[in-house]
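One structure below.
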Amino acid sequence: MLQSQLPSFARKEFPKDEESYNAQVLIRAGFVEKVMAGVYAFLPLGLRVLKNIERVVREEMNALGAHEILMPVLGPKDQWQKTGRWDSLDVLFKVIARDKKEYALGPTHEEIVVPIGQKAIFSYRDLPLGLYQIQNKFRDEPRAKSGLLRGREFLMKDLYSFHANIADLESYYERALQAYKTIFTRLGLSALQVEASGGSFSKYSHEFQVLTPNGEDSIVHCSSCSFAQNREINESKAGDLCPQCNSPLLVSAGSEVGNVFQLKTKYSQPFGLSYVDEKGEQQEVQMGCYGIGISRLMGVIAEVYHDDKGLRWPIAVAPFQIHILVLEGQDESANQERLSKAQSLYTTLRAKGIEVLLDDRKNISAGQKLTESDLMGMPFRVVLSQKTGDQVEMKRRTESQAELIDFSDVERYLDTHK
RNA sequence: CGGAGAGUAGUAUAAUGGUAGUAUACAUGCUUUGGGAGCAUGAGGUCCGAGUCCGAUUCUCGGCUCUCCGACCA
């Protein structure tokens, strides 16, 4: 992408009407724009990050054998009444059509996916089945807050699994936990697998929590083993001893990036979702559900990966891998030469499938280009200026030292520093 | 939903019961280019409604919006 062609939404100041860091920096760097409380638009750079997170999640869901579908946002009232959640779910957005009929805006999709699954599940031979989607969710939060961490509309991946029996559900659930660990690792996050209350769903649930001071959950976790529980089910204090290994416990703030439940028959039952087993008898279908907050992840990553100059995207989610800056000098012909060298590097790297942002803007001061580059936070920065001569300056966003290397070594540098 | 704070130009801010100022961003020109450059010129603003007042952006009331604390959090 040529930066001269990219609309710049970056600002010089932090927005005054945001206090959470993720919202402040993402708005200032031009990744997102707030439309309403808890409702954000994703701008070109921000959308690239979102798509990268989506890609990782999609690949791991597919590896799990799940099938991607896309369900509607608008849902029928009667299906929500069937489970009782039309009345019991207070965050449910309801819209009224011209003919006074009411509809739900999907906050989650059990009520929609079960009747869909019903169309393909008749026999034990049809199970297990995994269906997932990546879609905007709507929740009428009494208080949206913390930027992308708690929105009223947000992007979520939701997977629903269907099983012939509890044992199969449990084994799938274990595989889903592994897939989740892989996803968060690939995204550069260390997420704790935390036992949590089932809410209104069930007693079997796990959350994945990224420890960050801005998180709204409180996590009791062991200083040495993997024991971790949400404070809502464990009231231990810091320093109490771990029930598994007797090491001291820690209590930390965390942000929930994933949540999995064993639903069992809670939703299959109201819809009469059943199958015929090997003996020809009707059996109830067992279900699990598995969510990942895609847009929230973007906010969490911003909370975790930044310094005082701005964002520092992990390679897997960065909008571009490398940011090439062309700094202009007095000599116009030298400027032209530098620009064409940069364009040639740009073309070469792109031909190798590397995502490149080239700051080819004219009449922008060196200081502005450097400052904005740090703010936007691509993992690698290449500078061409009077100083760099026949070489280029290569710098990682996470390092303070830059080094001069040859043009021909840029690709090798990227390979060896991943 | 309870409590607190805040709404002035695209952004960030100042001031005032009587012509709303600055910075930045934007437009034009010239100069500049290693950490958000300089000069000149130009365009751009008091959330909405009611009340008090000769006059309200300012005071009062109501509303709307945003942020934070709490409650809530499939």
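Every chain in the structure tokens takes a letter, A first, then B, and so on in the order presented; its residues are numbered from 1, and the ligands are numbered from 1 following the presented order.
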
Next on the checklist: Could you go through region 144-385 of chain A and tell me which residues DSSP, when run on the backbone, assigns to strand (DSSP E), listing them as a ChimeraX atom specification?
Outcome noted: /A:153-163,191-196,205-211,217-222,228-230,249-264,274-276,282-284,286-293,306-307,310-311,322-326,356-359,380-384

Item to check | Residues near A37 (chain B), cut-off 10 Å, only C-alpha atoms (C1' of nucleotides), skip fewer than 6 positions along chain, as a ChimeraX atom specification | outcome: /A:364-368

Store the residues picked out above, limited to C-alpha atoms, as a PDB file, in the first residue's frame.
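Here's the written file out27.pdb:
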ATOM      1  CA  ILE A 364       6.055  15.597   4.908  1.00  0.00           C
ATOM      2  CA  SER A 365       8.811  16.236   7.415  1.00  0.00           C
ATOM      3  CA  ALA A 366      11.094  13.463   8.535  1.00  0.00           C
ATOM      4  CA  GLY A 367       9.905  13.954  12.086  1.00  0.00           C
ATOM      5  CA  GLN A 368       6.279  13.500  11.159  1.00  0.00           C
TER       6      GLN A 368
END

Next on the checklist: Show me, as JSON, numbers by chain, the residues of chain A whose atoms get within 9 Å of chain B, using only C-alpha atoms (C1' of nucleotides) for the distance check.
Outcome noted: {"A": [11, 12, 13, 14, 15, 16, 17, 18, 19, 36, 37, 89, 91, 107, 108, 141, 142, 143, 145, 199, 200, 201, 327, 328, 329, 330, 363, 364, 365, 366, 367, 368, 369, 370, 371, 372, 385, 387]}

Checklist entry - Distance CA of Tyr103 (chain A)-CA of Lys266 (chain A), one decimal place? => result 22.0 Å

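Counting only C-alpha atoms (C1' of nucleotides) and comparing B:C47, B:A56, B:C30, B:A40, the residue that lies closest to G17 (chain B) is B:A56.
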
Checklist entry - Counting only C-alpha atoms (C1' of nucleotides), what is within 10 Å of region 55-59 of chain A, bar same-chain residues fewer than 6 positions away, as an MDAnalysis selection string? => result chainID A and resid 49 65:68 132:134 157 179:180 182:184 186:187 292 294 316:317

Grab the residues selected above and save them as an mmCIF file, in the first residue's frame with C-alpha atoms.
data_model
loop_
_atom_site.group_PDB
_atom_site.id
_atom_site.type_symbol
_atom_site.label_atom_id
_atom_site.label_comp_id
_atom_site.auth_asym_id
_atom_site.auth_seq_id
_atom_site.Cartn_x
_atom_site.Cartn_y
_atom_site.Cartn_z
ATOM 1 C CA VAL A 49 -5.731 -6.022 11.896
ATOM 2 C CA GLY A 65 -13.058 -29.631 11.368
ATOM 3 C CA ALA A 66 -15.725 -26.990 11.915
ATOM 4 C CA HIS A 67 -17.652 -25.521 8.999
ATOM 5 C CA GLU A 68 -18.017 -21.804 8.506
ATOM 6 C CA TYR A 132 -19.154 -21.483 13.291
ATOM 7 C CA GLN A 133 -19.419 -17.943 12.061
ATOM 8 C CA ILE A 134 -17.595 -14.651 12.374
ATOM 9 C CA LYS A 157 -16.409 -15.820 16.306
ATOM 10 C CA ALA A 179 -7.371 -24.925 19.292
ATOM 11 C CA TYR A 180 -7.958 -21.855 21.436
ATOM 12 C CA THR A 182 -3.013 -22.346 19.491
ATOM 13 C CA ILE A 183 -4.975 -19.297 18.356
ATOM 14 C CA PHE A 184 -3.849 -17.083 21.216
ATOM 15 C CA ARG A 186 -0.292 -17.465 17.179
ATOM 16 C CA LEU A 187 -1.689 -14.014 17.939
ATOM 17 C CA ILE A 292 -13.803 -15.549 20.685
ATOM 18 C CA ILE A 294 -12.378 -10.749 17.547
ATOM 19 C CA ALA A 316 0.757 -12.110 12.966
ATOM 20 C CA VAL A 317 -1.750 -9.272 13.258
#

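Coordinates place CA of Pro7 (chain A) at a distance of 17.9 Å from CA of Val326 (chain A).
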
Item to check | Given only C-alpha atoms as the counted atoms, nearest of A:Lys137, A:Arg296, A:His221, A:Lys82 to Leu105 (chain A) | outcome: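 Under the stated criterion, the closest residue is A:Lys137.
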
Item to check | 10 Å contact set for Pro72 (chain A), only C-alpha atoms (C1' of nucleotides), chain neighbours under 6 positions out, as a PyMOL selection string | outcome: chain A and resi 105-106+109+112+135-136

Checklist entry - Mind checking DSSP for region 114-273 of chain A and telling me the alpha helix (DSSP H) residues as a list of chain:residue names? => result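 Checking each residue of region 114-273 of chain A, the alpha helix (DSSP H) ones are A:Val114, A:Pro115, A:Ile116, A:Gly117, A:Gln118, A:Ile166, A:Ala167, A:Asp168, A:Leu169, A:Glu170, A:Ser171, A:Tyr172, A:Tyr173, A:Glu174, A:Arg175, A:Ala176, A:Leu177, A:Gln178, A:Ala179, A:Tyr180, A:Lys181, A:Thr182, A:Ile183, A:Phe184, A:Thr185, A:Arg186.
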
Item to check | Selection: 12 Å around Ser408 (chain A), only C-alpha atoms (C1' of nucleotides), excl. self and same-chain fewer than 6 positions, as a VMD selection string | outcome: chain A and resid 341 344 to 345 348 to 349 390 to 392 414

Selection export as a compact mmCIF listing (two decimals), in the first residue's frame, atoms kept: N, CA and C atoms:
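Resulting contents of selection-v4.txt:
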# COMPACT_ATOMS: atom_id res chain seq x y z
N LYS A 341 14.21 3.85 -5.63
CA LYS A 341 14.79 2.69 -4.93
C LYS A 341 13.78 2.07 -3.98
N SER A 344 11.17 0.21 -5.79
CA SER A 344 11.67 -1.06 -6.28
C SER A 344 11.72 -2.10 -5.16
N LEU A 345 12.15 -1.66 -3.97
CA LEU A 345 12.14 -2.56 -2.81
C LEU A 345 10.71 -2.99 -2.48
N THR A 348 9.57 -5.55 -4.97
CA THR A 348 10.24 -6.84 -4.73
C THR A 348 9.62 -7.58 -3.54
N LEU A 349 9.44 -6.85 -2.43
CA LEU A 349 8.92 -7.49 -1.23
C LEU A 349 7.48 -7.97 -1.45
N ASP A 390 23.71 4.25 0.08
CA ASP A 390 23.35 3.12 -0.79
C ASP A 390 22.70 1.99 -0.01
N GLN A 391 22.59 2.19 1.28
CA GLN A 391 21.98 1.14 2.09
C GLN A 391 20.62 1.59 2.60
N VAL A 392 20.02 0.83 3.48
CA VAL A 392 18.79 1.25 4.15
C VAL A 392 18.96 1.03 5.65
N LEU A 414 14.16 -9.88 7.37
CA LEU A 414 12.79 -10.19 7.79
C LEU A 414 12.65 -11.66 8.15

Next on the checklist: Report, in Å to a single decimal, how far apart CA of Asn259 (chain A) and CA of Asn22 (chain A) are.
Outcome noted: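 Going from CA of Asn22 (chain A) over to CA of Asn259 (chain A) covers 21.3 Å.
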
Checklist entry - Contacts of Glu355 (chain A) at 7 Å or less, counting only C-alpha atoms (C1' of nucleotides), minus same-chain residues fewer than 3 places along, as a list in words? => result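 Within the cut-off, the hits are Phe320, Gln321, Ile322 and Arg350 of chain A.
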
Checklist entry - Using only C-alpha atoms (C1' of nucleotides), which residues sit within 9 Å of Tyr160 (chain A) once same-chain residues fewer than 5 positions away are excluded, as a PyMOL selection string? => result chain A and resi 66+109-110+113-114+129-132+287-291

Take the residues from that selection and write them out as a PDB file, in the first residue's frame, keeping N, CA and C atoms.
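See out-v3.pdb below for the written result:
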ATOM      1  N   ALA A  66     -14.455 -27.716  11.883  1.00  0.00           N
ATOM      2  CA  ALA A  66     -15.725 -26.990  11.915  1.00  0.00           C
ATOM      3  C   ALA A  66     -15.989 -26.352  10.554  1.00  0.00           C
ATOM      4  N   HIS A 109     -25.930 -16.982  19.131  1.00  0.00           N
ATOM      5  CA  HIS A 109     -26.808 -17.562  18.097  1.00  0.00           C
ATOM      6  C   HIS A 109     -27.333 -18.966  18.363  1.00  0.00           C
ATOM      7  N   GLU A 110     -27.417 -19.368  19.613  1.00  0.00           N
ATOM      8  CA  GLU A 110     -27.976 -20.696  19.880  1.00  0.00           C
ATOM      9  C   GLU A 110     -29.374 -20.851  19.285  1.00  0.00           C
ATOM     10  N   VAL A 113     -28.862 -21.255  15.470  1.00  0.00           N
ATOM     11  CA  VAL A 113     -28.066 -22.361  14.932  1.00  0.00           C
ATOM     12  C   VAL A 113     -28.732 -23.712  15.187  1.00  0.00           C
ATOM     13  N   VAL A 114     -29.473 -23.830  16.266  1.00  0.00           N
ATOM     14  CA  VAL A 114     -30.066 -25.147  16.565  1.00  0.00           C
ATOM     15  C   VAL A 114     -31.067 -25.567  15.487  1.00  0.00           C
ATOM     16  N   LEU A 129     -20.911 -32.529  14.689  1.00  0.00           N
ATOM     17  CA  LEU A 129     -20.956 -31.453  13.705  1.00  0.00           C
ATOM     18  C   LEU A 129     -20.533 -30.155  14.378  1.00  0.00           C
ATOM     19  N   GLY A 130     -19.661 -29.408  13.706  1.00  0.00           N
ATOM     20  CA  GLY A 130     -19.264 -28.088  14.222  1.00  0.00           C
ATOM     21  C   GLY A 130     -19.611 -27.010  13.213  1.00  0.00           C
ATOM     22  N   LEU A 131     -20.348 -26.002  13.628  1.00  0.00           N
ATOM     23  CA  LEU A 131     -20.697 -24.875  12.762  1.00  0.00           C
ATOM     24  C   LEU A 131     -20.248 -23.590  13.443  1.00  0.00           C
ATOM     25  N   TYR A 132     -19.574 -22.743  12.680  1.00  0.00           N
ATOM     26  CA  TYR A 132     -19.154 -21.483  13.291  1.00  0.00           C
ATOM     27  C   TYR A 132     -19.367 -20.343  12.324  1.00  0.00           C
ATOM     28  N   MET A 287     -24.657 -30.398  23.132  1.00  0.00           N
ATOM     29  CA  MET A 287     -24.040 -29.257  22.442  1.00  0.00           C
ATOM     30  C   MET A 287     -22.959 -28.569  23.266  1.00  0.00           C
ATOM     31  N   GLY A 288     -22.039 -27.930  22.527  1.00  0.00           N
ATOM     32  CA  GLY A 288     -21.062 -27.032  23.155  1.00  0.00           C
ATOM     33  C   GLY A 288     -21.053 -25.729  22.383  1.00  0.00           C
ATOM     34  N   CYS A 289     -20.626 -24.659  23.030  1.00  0.00           N
ATOM     35  CA  CYS A 289     -20.445 -23.410  22.288  1.00  0.00           C
ATOM     36  C   CYS A 289     -19.139 -22.756  22.700  1.00  0.00           C
ATOM     37  N   TYR A 290     -18.550 -22.021  21.755  1.00  0.00           N
ATOM     38  CA  TYR A 290     -17.169 -21.576  21.896  1.00  0.00           C
ATOM     39  C   TYR A 290     -17.037 -20.193  21.253  1.00  0.00           C
ATOM     40  N   GLY A 291     -16.760 -19.195  22.036  1.00  0.00           N
ATOM     41  CA  GLY A 291     -16.701 -17.837  21.497  1.00  0.00           C
ATOM     42  C   GLY A 291     -15.318 -17.220  21.592  1.00  0.00           C
TER      43      GLY A 291
END

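With only C-alpha atoms (C1' of nucleotides) as the basis for measurement, B:A27 is the residue among B:C61, B:G5, B:U13, B:A27 that approaches G44 (chain B) most closely.
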